[in-house]
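What follows is a single structure, written as structure tokens, with notes after it.
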Amino acid sequence: MFLRVAIPIPSDRTFLYAVPEALEGAVAVGKRVLVPLGKKVRTGYIVEITSESSNIDVKEIIRILDPEPLMHEEDLRFYRWASDYYFYPLGKMLGEILPAGGEPKSESWAMLVPAGERCEEAGGEDTLSPLQRRIVDVLAGTPRGIPVENLCRNLGGKKILAALRVLREKKVVLVEDKLPGVRPAGRREKFVNLREGWPAGVKATEKQLVLVRFIDRYGEVPMGTLRKTFGDCSALIKRLQSKGLVTLSEREVPRRPKPLPALGSPGVSFIPNEAQRGALRRILKDVAVRRFSPIVLHGVTGSGKTEVYLRAIGETLRRGGGVIVLVPEIALTPQLLHRFEERFGDSEIAILHSGIARTVRYDQWRRIAAGQVRMVLGARSALFAPVRDLRLIVVDEEHDTSYKQEDHMRYHARDLALVRANLAGAAVVLGSATPGLQTRFNVQRRRYRYLTMPQRVEKRPMPSIEIIDMRKEEVRDRQGPMPVLSRLLREAIGETLAGGNQALLFLNRRGFNTFMLCADCGHVFRCLNCDLSLTYHREEGSLKCHYCDFSIVMPGSCPGCRSRRIASYGVGTERLEAEVRKQFPEARIARMDSDTTAKAGAHERIFRALRRREIDILVGTQMITKGHDFPGITLVGVISADMALNMPDFRAAERTFQILTQVSGRGGRGDLPGRVFIQTFNPDHYAIQCAKAQDYGKFYDRELPLRQALNYPPYSRIVNLVMSSLRRQEGHARAERLGKIARNLAEENGYGRAVEIVGPSEAPLSRVKGRYRWQLLLKGRDSRVIHEVVRKVLERTAGGSLDIKIDVDPINFM
């Protein structure tokens, strides 16, 4: 028996291994194995079992790590497709998407060479230094050896490594890699149960009787529960066991995520309106036919899309099908999870996202693969979960750019959801108040079914939206700096607080000031690793780079001219918070951005306080705009609508319209109507005007011809080759050479007209983390042709010093 094994290394190859006879019965596609690779031992994934090998010198696998497969053939088919489409090695992909559970790693052990086996030429122990002699004395007491890491920790770090090298050369000490023993894959727990019937003639003490009554009342009880209730009761249990009153058993217990604290009032299940009923009927009809059915659910903010999801999921589960629900941000998971648990119970749901401990994810993954859980809820990586009999995938807020991963395998979860549904013969629901232009384009081409919910539930009104022209604000306050809050927005906040309601202020930039400079010589404080200015964080007293995490203490003077006149420009959420506290000192104010939510549970604490009306004004970045439902918020203020609009990206207008519509939708979701104020220097821009009118159709009609004129998506497909080098001149020359190779290959293969090649050109962020960066765009209508050209380019340039990252269907061009 032979295996094809994918190993998490940067290679498209799979490796052939033989199976020892003793392990043949445990082999299955989808299990992890330990295999020798060169001089190392690596973890790999079985992707094929075969009985033929043309190579007579095949190494054997060392160990099988999993009691059951982590994936099945249909899952592997999907993984292979994604690996191929996104130009990412299958082994690396599996290593990143499959959570490891207690994966064994080899460690170096040091032990004495037996005296009779030492070489005489190595010299006697009298030639050893005091430190070397000390190591020998320690090892002499442990014939089996000691981990090198423990020796370093106990005896003196790097000096120990140098001393061990000398001892190895003298043939006094042997250092070899060892693998730890096999540990159970999951957590095991003991359970106590009562035997049937009371044995004749057996008596029990009062303490024993209390324990017996407790077990009788609750049935089989974990030992951990008994310890929490009665303290250390191990001896008591043993005596009961010896008397034949109780039995002890041990089994694996899956680790689960920590239960979330209640967010406040539960989600309300109401009678669906006609639009919801119509959407639900259509979705369930498509689920029932058991074939690929892409559905766009376009509902305005507050129209009750989540209730439609819940009812469709409930019916799918009742029919025995599996479900995956994707949300764009981990921050959305707690609120949605509470609603799902209220409806289905926590035992029916597995949660998968990067905020959960890896061992817990491993146990959740195994439960899913075994078919014990049929519904998975999580961020983009949850799409890879091995759900059995998959019949429905829900992609909430499908337009959100968070579904695109920007490192490692640069996949788009929404696009892959469509692929997975197609392979599984399932329905996929793409829900949004602002569907992406690509999605709407596919609706127009009749590739997707289109369902609409144009009104809020219970006929609640949409919020009124007012545009504030900040150019006029500047004229009014000519004597001072540009105000962070306009006069109209300040007045609206005051009125909201006076009415006992809550306000939400959105600014998509964290920090206090966006950059700092010297007012005398003009020196700008920049990151040493990136082509970016540093952002001032006043609470920490530091300047930070938001790309590589480089930071310095805020200097008191300019490093160039020693002037102390350091000026600040721009506004971040930290400064906005300070300004709001200054304007409204009696208000209870909180801030929600990646700085304040870095600790576990921070999202939940803020949302819980907001729902309980313990926060009057919430200041935040984009994470406060998505999908949250808080009835007390009646005012939304957008501090600067121009940030997204001025990005160097052909999707800038689309993102601006989407984010303004989404954040506006957070207001007026309770009994009181909402008001929205949008501050901008471009009040006449069509994206801002369409957001004010809440007119998605008009925006689509304005934006689409512009895309067509420039042959941008959805009228074309793009692959971006992002090249980087530590040396600027060498990197630039190699990037130019790669561009010429790409053009020649396109012409040689007759693709000159089918593929437009743009660049290479310097990336907008020309240096990040010390590496200089360039981009080469390949653009065309047929993705298969573009992929073929890219593959040929990679074959011609393999092994060079230029680092190349491939971004298929890119979202971020920075």
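In the structure tokens, chains take letters A, B, ... by order of appearance, with residues numbered from 1 within each chain and ligands from 1 in the order shown.
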Practice problem: Just the residues within 10 Å of A:Ile62, please, counting only C-alpha atoms, with nothing from its chain fewer than 5 positions along; format it as a ChimeraX atom specification. | Solution: /A:17-20,23,33-36,41-43
Output for the residues just chosen: N, CA, C and O atoms as a tab-separated table (two decimals), in the first residue's frame:
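Result went into part.tsv, see below:
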```
chain	number	residue	atom	x	y	z
A	17	TYR	N	4.68	7.71	-0.29
A	17	TYR	CA	5.21	6.98	0.87
A	17	TYR	C	4.59	5.59	0.91
A	17	TYR	O	3.45	5.38	0.45
A	18	ALA	N	5.34	4.66	1.50
A	18	ALA	CA	4.83	3.31	1.72
A	18	ALA	C	4.18	3.24	3.10
A	18	ALA	O	4.49	4.05	3.98
A	19	VAL	N	3.28	2.26	3.26
A	19	VAL	CA	2.58	2.09	4.53
A	19	VAL	C	3.07	0.80	5.20
A	19	VAL	O	2.96	-0.28	4.59
A	20	PRO	N	3.61	0.89	6.41
A	20	PRO	CA	3.96	-0.35	7.12
A	20	PRO	C	2.72	-1.23	7.30
A	20	PRO	O	1.60	-0.72	7.47
A	23	LEU	N	0.13	-0.54	9.98
A	23	LEU	CA	-0.70	0.66	9.92
A	23	LEU	C	-1.73	0.63	8.79
A	23	LEU	O	-2.53	1.56	8.65
A	33	VAL	N	-0.55	12.36	8.76
A	33	VAL	CA	0.50	11.38	9.02
A	33	VAL	C	1.81	12.09	9.28
A	33	VAL	O	2.04	13.20	8.78
A	34	LEU	N	2.66	11.45	10.08
A	34	LEU	CA	4.04	11.92	10.24
A	34	LEU	C	4.90	11.20	9.21
A	34	LEU	O	4.83	9.96	9.08
A	35	VAL	N	5.69	11.97	8.46
A	35	VAL	CA	6.51	11.38	7.40
A	35	VAL	C	7.91	11.96	7.44
A	35	VAL	O	8.12	13.11	7.85
A	36	PRO	N	8.92	11.17	7.01
A	36	PRO	CA	10.27	11.73	6.88
A	36	PRO	C	10.37	12.55	5.60
A	36	PRO	O	9.88	12.13	4.54
A	41	VAL	N	11.25	15.48	10.16
A	41	VAL	CA	9.96	14.78	10.23
A	41	VAL	C	8.87	15.83	10.08
A	41	VAL	O	8.86	16.83	10.81
A	42	ARG	N	7.97	15.64	9.13
A	42	ARG	CA	6.92	16.63	8.87
A	42	ARG	C	5.54	15.98	8.98
A	42	ARG	O	5.37	14.77	8.83
A	43	THR	N	4.54	16.84	9.22
A	43	THR	CA	3.15	16.39	9.19
A	43	THR	C	2.62	16.57	7.77
A	43	THR	O	2.81	17.63	7.16
```
Quiz item: If you run DSSP on the backbone, which residues of stretch 157-262 of chain A are alpha helix (DSSP H), as a PyMOL selection string?
Solution: chain A and resi 158-169+206-218+223-230+234-242
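Pairwise distance (atom CA of A:Leu765, atom CA of A:Met814) equals 5.6 Å.
Considering only C-alpha atoms, the residue among A:Leu437, A:Leu505, A:Val443, A:Leu543 positioned nearest to A:Phe699 is A:Leu437.
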Practice problem: May I have the residues within 12 Å of A:Leu383 as number ranges by chain, using only C-alpha atoms and disregarding those fewer than 5 positions away in the same chain? | Solution: A: 75, 78-79, 82, 97-98, 323-328, 351-353, 365, 375-378, 390, 392-395, 403, 411-421, 428
Using C-alpha atoms, can you write the selected residues to a file as a PDB file, in the first residue's frame?
```pdb
ATOM      1  CA  ASP A  75     -14.086  18.037   0.545  1.00  0.00           C
ATOM      2  CA  PHE A  78     -13.176  21.351  -3.369  1.00  0.00           C
ATOM      3  CA  TYR A  79      -9.777  21.983  -1.739  1.00  0.00           C
ATOM      4  CA  ALA A  82      -9.292  26.248  -4.672  1.00  0.00           C
ATOM      5  CA  ILE A  97      -7.315  25.528   6.849  1.00  0.00           C
ATOM      6  CA  LEU A  98      -7.260  22.296   8.882  1.00  0.00           C
ATOM      7  CA  VAL A 323     -25.615  24.187   6.499  1.00  0.00           C
ATOM      8  CA  ILE A 324     -22.733  26.683   6.495  1.00  0.00           C
ATOM      9  CA  VAL A 325     -23.342  30.313   7.557  1.00  0.00           C
ATOM     10  CA  LEU A 326     -20.615  32.874   6.848  1.00  0.00           C
ATOM     11  CA  VAL A 327     -20.299  36.324   8.418  1.00  0.00           C
ATOM     12  CA  PRO A 328     -17.632  38.843   7.344  1.00  0.00           C
ATOM     13  CA  ILE A 351     -18.340  27.793  15.552  1.00  0.00           C
ATOM     14  CA  LEU A 352     -15.165  28.239  13.522  1.00  0.00           C
ATOM     15  CA  HIS A 353     -13.028  31.356  13.366  1.00  0.00           C
ATOM     16  CA  TRP A 365     -13.761  20.161  13.136  1.00  0.00           C
ATOM     17  CA  MET A 375     -24.531  23.544  11.049  1.00  0.00           C
ATOM     18  CA  VAL A 376     -21.354  25.643  11.013  1.00  0.00           C
ATOM     19  CA  LEU A 377     -21.238  29.364  11.770  1.00  0.00           C
ATOM     20  CA  GLY A 378     -18.125  31.465  11.358  1.00  0.00           C
ATOM     21  CA  LEU A 390     -24.264  20.119   2.441  1.00  0.00           C
ATOM     22  CA  LEU A 392     -27.393  25.324   2.023  1.00  0.00           C
ATOM     23  CA  ILE A 393     -24.692  28.010   2.307  1.00  0.00           C
ATOM     24  CA  VAL A 394     -25.578  31.493   3.574  1.00  0.00           C
ATOM     25  CA  VAL A 395     -23.148  34.366   2.926  1.00  0.00           C
ATOM     26  CA  TYR A 403     -14.401  37.888   2.753  1.00  0.00           C
ATOM     27  CA  TYR A 411      -9.102  33.519  -1.678  1.00  0.00           C
ATOM     28  CA  HIS A 412     -12.523  35.173  -1.685  1.00  0.00           C
ATOM     29  CA  ALA A 413     -14.949  33.246   0.539  1.00  0.00           C
ATOM     30  CA  ARG A 414     -18.047  34.490  -1.317  1.00  0.00           C
ATOM     31  CA  ASP A 415     -16.680  33.278  -4.669  1.00  0.00           C
ATOM     32  CA  LEU A 416     -15.579  29.959  -3.183  1.00  0.00           C
ATOM     33  CA  ALA A 417     -19.009  29.547  -1.550  1.00  0.00           C
ATOM     34  CA  LEU A 418     -20.474  29.518  -5.064  1.00  0.00           C
ATOM     35  CA  VAL A 419     -17.901  26.937  -6.186  1.00  0.00           C
ATOM     36  CA  ARG A 420     -18.534  24.695  -3.173  1.00  0.00           C
ATOM     37  CA  ALA A 421     -22.307  24.904  -3.612  1.00  0.00           C
ATOM     38  CA  VAL A 428     -26.209  29.417  -1.795  1.00  0.00           C
TER      39      VAL A 428
END
```
Self-check item: DSSP strand (DSSP E or B) selection over stretch 48-100 of chain A, as a PyMOL selection string
Solution: chain A and resi 48-50+60+63-64
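Atom CA of A:Ala370 is found 28.6 Å from atom CA of A:Arg410.
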Quiz prompt | Shell around A:Ser354 at 12 Å using only C-alpha atoms, local window under 6 positions removed, as an MDAnalysis selection string | solution = chainID A and resid 96:99 257 329:331 333 360:362 378:382 600
Would you output that residue set with all heavy atoms, as a short mmCIF file (atom, residue, chain, number, x, y, z; two decimals), in the first residue's frame?
```cif
data_model
loop_
_atom_site.label_atom_id
_atom_site.label_comp_id
_atom_site.auth_asym_id
_atom_site.auth_seq_id
_atom_site.Cartn_x
_atom_site.Cartn_y
_atom_site.Cartn_z
N GLU A 96 -3.08 25.25 6.53
CA GLU A 96 -3.64 26.49 7.05
C GLU A 96 -5.13 26.38 7.38
O GLU A 96 -5.61 27.01 8.31
CB GLU A 96 -3.41 27.62 6.03
CG GLU A 96 -1.94 28.01 5.94
CD GLU A 96 -1.63 28.84 4.70
OE1 GLU A 96 -2.58 29.28 4.02
OE2 GLU A 96 -0.44 29.05 4.41
N ILE A 97 -5.87 25.57 6.61
CA ILE A 97 -7.31 25.53 6.85
C ILE A 97 -7.71 24.44 7.85
O ILE A 97 -8.75 24.56 8.50
CB ILE A 97 -8.11 25.33 5.54
CG1 ILE A 97 -7.84 23.96 4.93
CG2 ILE A 97 -7.83 26.46 4.56
CD1 ILE A 97 -8.73 23.64 3.75
N LEU A 98 -6.91 23.38 7.97
CA LEU A 98 -7.26 22.30 8.88
C LEU A 98 -6.61 22.55 10.23
O LEU A 98 -5.38 22.64 10.32
CB LEU A 98 -6.79 20.94 8.34
CG LEU A 98 -7.40 20.49 7.01
CD1 LEU A 98 -6.84 19.14 6.61
CD2 LEU A 98 -8.90 20.41 7.09
N PRO A 99 -7.38 22.68 11.29
CA PRO A 99 -6.78 22.92 12.61
C PRO A 99 -6.08 21.67 13.12
O PRO A 99 -6.59 20.56 13.00
CB PRO A 99 -7.99 23.26 13.50
CG PRO A 99 -9.16 22.62 12.82
CD PRO A 99 -8.85 22.63 11.35
N PRO A 257 -16.03 26.05 22.49
CA PRO A 257 -15.71 27.45 22.79
C PRO A 257 -16.35 27.87 24.10
O PRO A 257 -17.41 27.33 24.50
CB PRO A 257 -16.34 28.22 21.61
CG PRO A 257 -16.52 27.20 20.53
CD PRO A 257 -16.75 25.89 21.21
N GLU A 329 -17.13 39.31 9.70
CA GLU A 329 -16.24 39.69 10.80
C GLU A 329 -16.51 38.79 12.00
O GLU A 329 -17.65 38.42 12.28
CB GLU A 329 -16.51 41.15 11.21
CG GLU A 329 -16.19 42.17 10.14
CD GLU A 329 -14.78 42.69 10.22
OE1 GLU A 329 -13.99 42.12 11.01
OE2 GLU A 329 -14.47 43.64 9.51
N ILE A 330 -15.44 38.50 12.76
CA ILE A 330 -15.60 37.77 14.01
C ILE A 330 -16.51 38.55 14.95
O ILE A 330 -17.28 37.98 15.72
CB ILE A 330 -14.22 37.55 14.68
CG1 ILE A 330 -13.36 36.64 13.80
CG2 ILE A 330 -14.37 36.95 16.06
CD1 ILE A 330 -11.94 36.49 14.29
N ALA A 331 -16.46 39.89 14.87
CA ALA A 331 -17.27 40.73 15.76
C ALA A 331 -18.76 40.48 15.58
O ALA A 331 -19.55 40.70 16.50
CB ALA A 331 -16.96 42.21 15.51
N THR A 333 -20.09 37.52 14.99
CA THR A 333 -20.44 36.17 15.39
C THR A 333 -21.23 36.10 16.70
O THR A 333 -22.24 35.40 16.76
CB THR A 333 -19.17 35.30 15.48
OG1 THR A 333 -18.42 35.44 14.28
CG2 THR A 333 -19.52 33.85 15.68
N VAL A 360 -9.60 23.74 20.37
CA VAL A 360 -11.07 23.74 20.36
C VAL A 360 -11.57 23.62 18.92
O VAL A 360 -12.50 22.86 18.62
CB VAL A 360 -11.62 25.02 21.02
CG1 VAL A 360 -13.14 25.06 20.93
CG2 VAL A 360 -11.18 25.08 22.48
N ARG A 361 -10.93 24.36 18.01
CA ARG A 361 -11.31 24.26 16.60
C ARG A 361 -11.11 22.85 16.07
O ARG A 361 -11.90 22.35 15.27
CB ARG A 361 -10.50 25.25 15.76
CG ARG A 361 -11.13 26.64 15.67
CD ARG A 361 -10.35 27.53 14.73
NE ARG A 361 -9.11 27.97 15.34
CZ ARG A 361 -8.02 28.29 14.64
NH1 ARG A 361 -8.01 28.18 13.34
NH2 ARG A 361 -6.93 28.70 15.26
N TYR A 362 -10.03 22.20 16.53
CA TYR A 362 -9.75 20.82 16.10
C TYR A 362 -10.89 19.89 16.52
O TYR A 362 -11.38 19.08 15.73
CB TYR A 362 -8.42 20.37 16.70
CG TYR A 362 -8.07 18.92 16.44
CD1 TYR A 362 -7.74 18.50 15.16
CD2 TYR A 362 -8.08 17.99 17.47
CE1 TYR A 362 -7.42 17.17 14.91
CE2 TYR A 362 -7.76 16.66 17.23
CZ TYR A 362 -7.43 16.25 15.95
OH TYR A 362 -7.11 14.94 15.71
N GLY A 378 -19.44 30.88 11.15
CA GLY A 378 -18.13 31.47 11.36
C GLY A 378 -17.74 32.46 10.29
O GLY A 378 -18.53 32.79 9.40
N ALA A 379 -16.50 32.94 10.39
CA ALA A 379 -15.94 33.85 9.40
C ALA A 379 -15.50 33.05 8.18
O ALA A 379 -15.82 31.87 8.04
CB ALA A 379 -14.79 34.62 10.03
N ARG A 380 -14.74 33.68 7.27
CA ARG A 380 -14.52 33.10 5.93
C ARG A 380 -13.95 31.68 5.96
O ARG A 380 -14.30 30.85 5.14
CB ARG A 380 -13.61 34.01 5.11
CG ARG A 380 -12.27 34.30 5.74
CD ARG A 380 -11.40 35.20 4.87
NE ARG A 380 -10.16 35.48 5.58
CZ ARG A 380 -9.82 36.67 6.04
NH1 ARG A 380 -10.60 37.70 5.85
NH2 ARG A 380 -8.67 36.83 6.69
N SER A 381 -13.05 31.35 6.94
CA SER A 381 -12.43 30.02 6.95
C SER A 381 -13.43 28.91 7.25
O SER A 381 -13.16 27.74 6.97
CB SER A 381 -11.29 29.99 7.97
OG SER A 381 -11.78 30.25 9.27
N ALA A 382 -14.60 29.25 7.81
CA ALA A 382 -15.62 28.24 8.10
C ALA A 382 -16.13 27.57 6.82
O ALA A 382 -16.70 26.48 6.86
CB ALA A 382 -16.79 28.86 8.87
N ALA A 600 -9.50 39.25 24.08
CA ALA A 600 -10.63 38.33 23.90
C ALA A 600 -11.86 38.83 24.66
O ALA A 600 -11.76 39.28 25.80
CB ALA A 600 -10.26 36.93 24.39
#
```
Quiz item: For A:Arg80, which residue out of A:Glu107, A:Met592, A:Ser402, A:Leu423 is the nearest one, using only C-alpha atoms?
Solution: A:Leu423
Proximity check stretch 441-512 of chain A to stretch 287-308 of chain A, 8 Å, nearest pairs one decimal Å, only C-alpha atoms, as a Markdown table:
```
| residue | atom | partner | partner_atom | distance |
| --- | --- | --- | --- | --- |
| A:Val443 | CA | A:Val296 | CA | 7.8 |
| A:Arg447 | CA | A:Pro294 | CA | 7.7 |
| A:Tyr448 | CA | A:Pro294 | CA | 5.1 |
| A:Arg449 | CA | A:Ile295 | CA | 4.7 |
| A:Tyr450 | CA | A:Val296 | CA | 5.0 |
| A:Leu451 | CA | A:Leu297 | CA | 4.9 |
| A:Thr452 | CA | A:His298 | CA | 4.7 |
| A:Met453 | CA | A:Gly299 | CA | 4.3 |
| A:Pro454 | CA | A:Val300 | CA | 5.7 |
| A:Gln455 | CA | A:Ser303 | CA | 5.7 |
| A:Arg456 | CA | A:Ser303 | CA | 3.9 |
| A:Val457 | CA | A:Ser303 | CA | 5.1 |
```
Please produce a file of the residues just selected, as an mmCIF file, in the first residue's frame, where the atoms kept are N, CA, C and O atoms.
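Saved result, again-v8.cif, follows:
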```cif
data_model
loop_
_atom_site.group_PDB
_atom_site.id
_atom_site.type_symbol
_atom_site.label_atom_id
_atom_site.label_comp_id
_atom_site.auth_asym_id
_atom_site.auth_seq_id
_atom_site.Cartn_x
_atom_site.Cartn_y
_atom_site.Cartn_z
ATOM 1 N N VAL A 443 -26.761 38.776 -11.720
ATOM 2 C CA VAL A 443 -28.230 38.754 -11.700
ATOM 3 C C VAL A 443 -28.760 39.233 -13.038
ATOM 4 O O VAL A 443 -29.666 38.626 -13.637
ATOM 5 N N ARG A 447 -27.646 34.705 -14.268
ATOM 6 C CA ARG A 447 -26.867 33.595 -13.692
ATOM 7 C C ARG A 447 -27.306 33.310 -12.262
ATOM 8 O O ARG A 447 -27.121 32.200 -11.780
ATOM 9 N N TYR A 448 -27.820 34.328 -11.561
ATOM 10 C CA TYR A 448 -28.290 34.173 -10.185
ATOM 11 C C TYR A 448 -29.771 34.528 -10.107
ATOM 12 O O TYR A 448 -30.250 35.407 -10.833
ATOM 13 N N ARG A 449 -30.478 33.861 -9.199
ATOM 14 C CA ARG A 449 -31.859 34.234 -8.918
ATOM 15 C C ARG A 449 -31.866 35.480 -8.028
ATOM 16 O O ARG A 449 -31.025 35.626 -7.145
ATOM 17 N N TYR A 450 -32.824 36.381 -8.244
ATOM 18 C CA TYR A 450 -32.865 37.660 -7.522
ATOM 19 C C TYR A 450 -34.134 37.763 -6.681
ATOM 20 O O TYR A 450 -35.243 37.681 -7.212
ATOM 21 N N LEU A 451 -33.962 37.892 -5.364
ATOM 22 C CA LEU A 451 -35.079 38.087 -4.439
ATOM 23 C C LEU A 451 -34.884 39.421 -3.734
ATOM 24 O O LEU A 451 -33.768 39.748 -3.321
ATOM 25 N N THR A 452 -35.952 40.170 -3.585
ATOM 26 C CA THR A 452 -35.811 41.496 -2.986
ATOM 27 C C THR A 452 -36.770 41.679 -1.812
ATOM 28 O O THR A 452 -37.896 41.170 -1.823
ATOM 29 N N MET A 453 -36.298 42.408 -0.801
ATOM 30 C CA MET A 453 -37.124 42.789 0.352
ATOM 31 C C MET A 453 -36.938 44.303 0.534
ATOM 32 O O MET A 453 -36.018 44.758 1.200
ATOM 33 N N PRO A 454 -37.808 45.092 -0.084
ATOM 34 C CA PRO A 454 -37.587 46.541 -0.191
ATOM 35 C C PRO A 454 -37.990 47.350 1.035
ATOM 36 O O PRO A 454 -37.767 48.567 1.052
ATOM 37 N N GLN A 455 -38.609 46.713 2.044
ATOM 38 C CA GLN A 455 -39.077 47.472 3.213
ATOM 39 C C GLN A 455 -38.540 46.874 4.500
ATOM 40 O O GLN A 455 -38.258 45.681 4.586
ATOM 41 N N ARG A 456 -38.421 47.725 5.519
ATOM 42 C CA ARG A 456 -38.043 47.255 6.839
ATOM 43 C C ARG A 456 -39.199 46.485 7.474
ATOM 44 O O ARG A 456 -40.361 46.669 7.081
ATOM 45 N N VAL A 457 -38.840 45.642 8.452
ATOM 46 C CA VAL A 457 -39.882 44.878 9.144
ATOM 47 C C VAL A 457 -40.819 45.831 9.877
ATOM 48 O O VAL A 457 -40.433 46.922 10.307
#
```
Quiz item: So how far away is atom CA of A:Gln679 from atom CA of A:Glu398, in Å?
Solution: 26.6 Å
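Across A:Ile135, A:Ile368, A:Leu90, A:Val636, the tightest approach to A:Ala163 is made by A:Ile135 when counting only C-alpha atoms.
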Practice problem: Find the residues around A:Leu794 up to 12 Å (only C-alpha atoms counted), leave out those fewer than 5 positions away in its own chain, and share them as a ChimeraX atom specification. | Solution: /A:87,721,738-739,741-742,745,787-789,799-800,802-806
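Across A:Ile467, A:Leu706, A:Leu37, A:Ala590, the tightest approach to A:His685 is made by A:Ile467 when counting only C-alpha atoms.
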Quiz item: Which residues, written as number ranges by chain, have at least one atom at most 12 Å from A:Ala693, with only C-alpha atoms counted and residues fewer than 6 positions away on the same chain left out?
Solution: A: 462-467, 657, 660-661, 664, 676, 686-687, 699
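Here the question is which of A:Asp389, A:Asp177, A:Glu730, A:Glu604 gets nearest to A:Gln335 using only C-alpha atoms, and that residue is A:Glu604.
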Quiz prompt | Contact residues around A:Leu194 with only C-alpha atoms at 10 Å, ignoring same-chain residues under 3 positions, as a VMD selection string | solution = chain A and resid 197 to 198 212 to 213 215 to 216 219 to 221 240 to 241 244 to 248
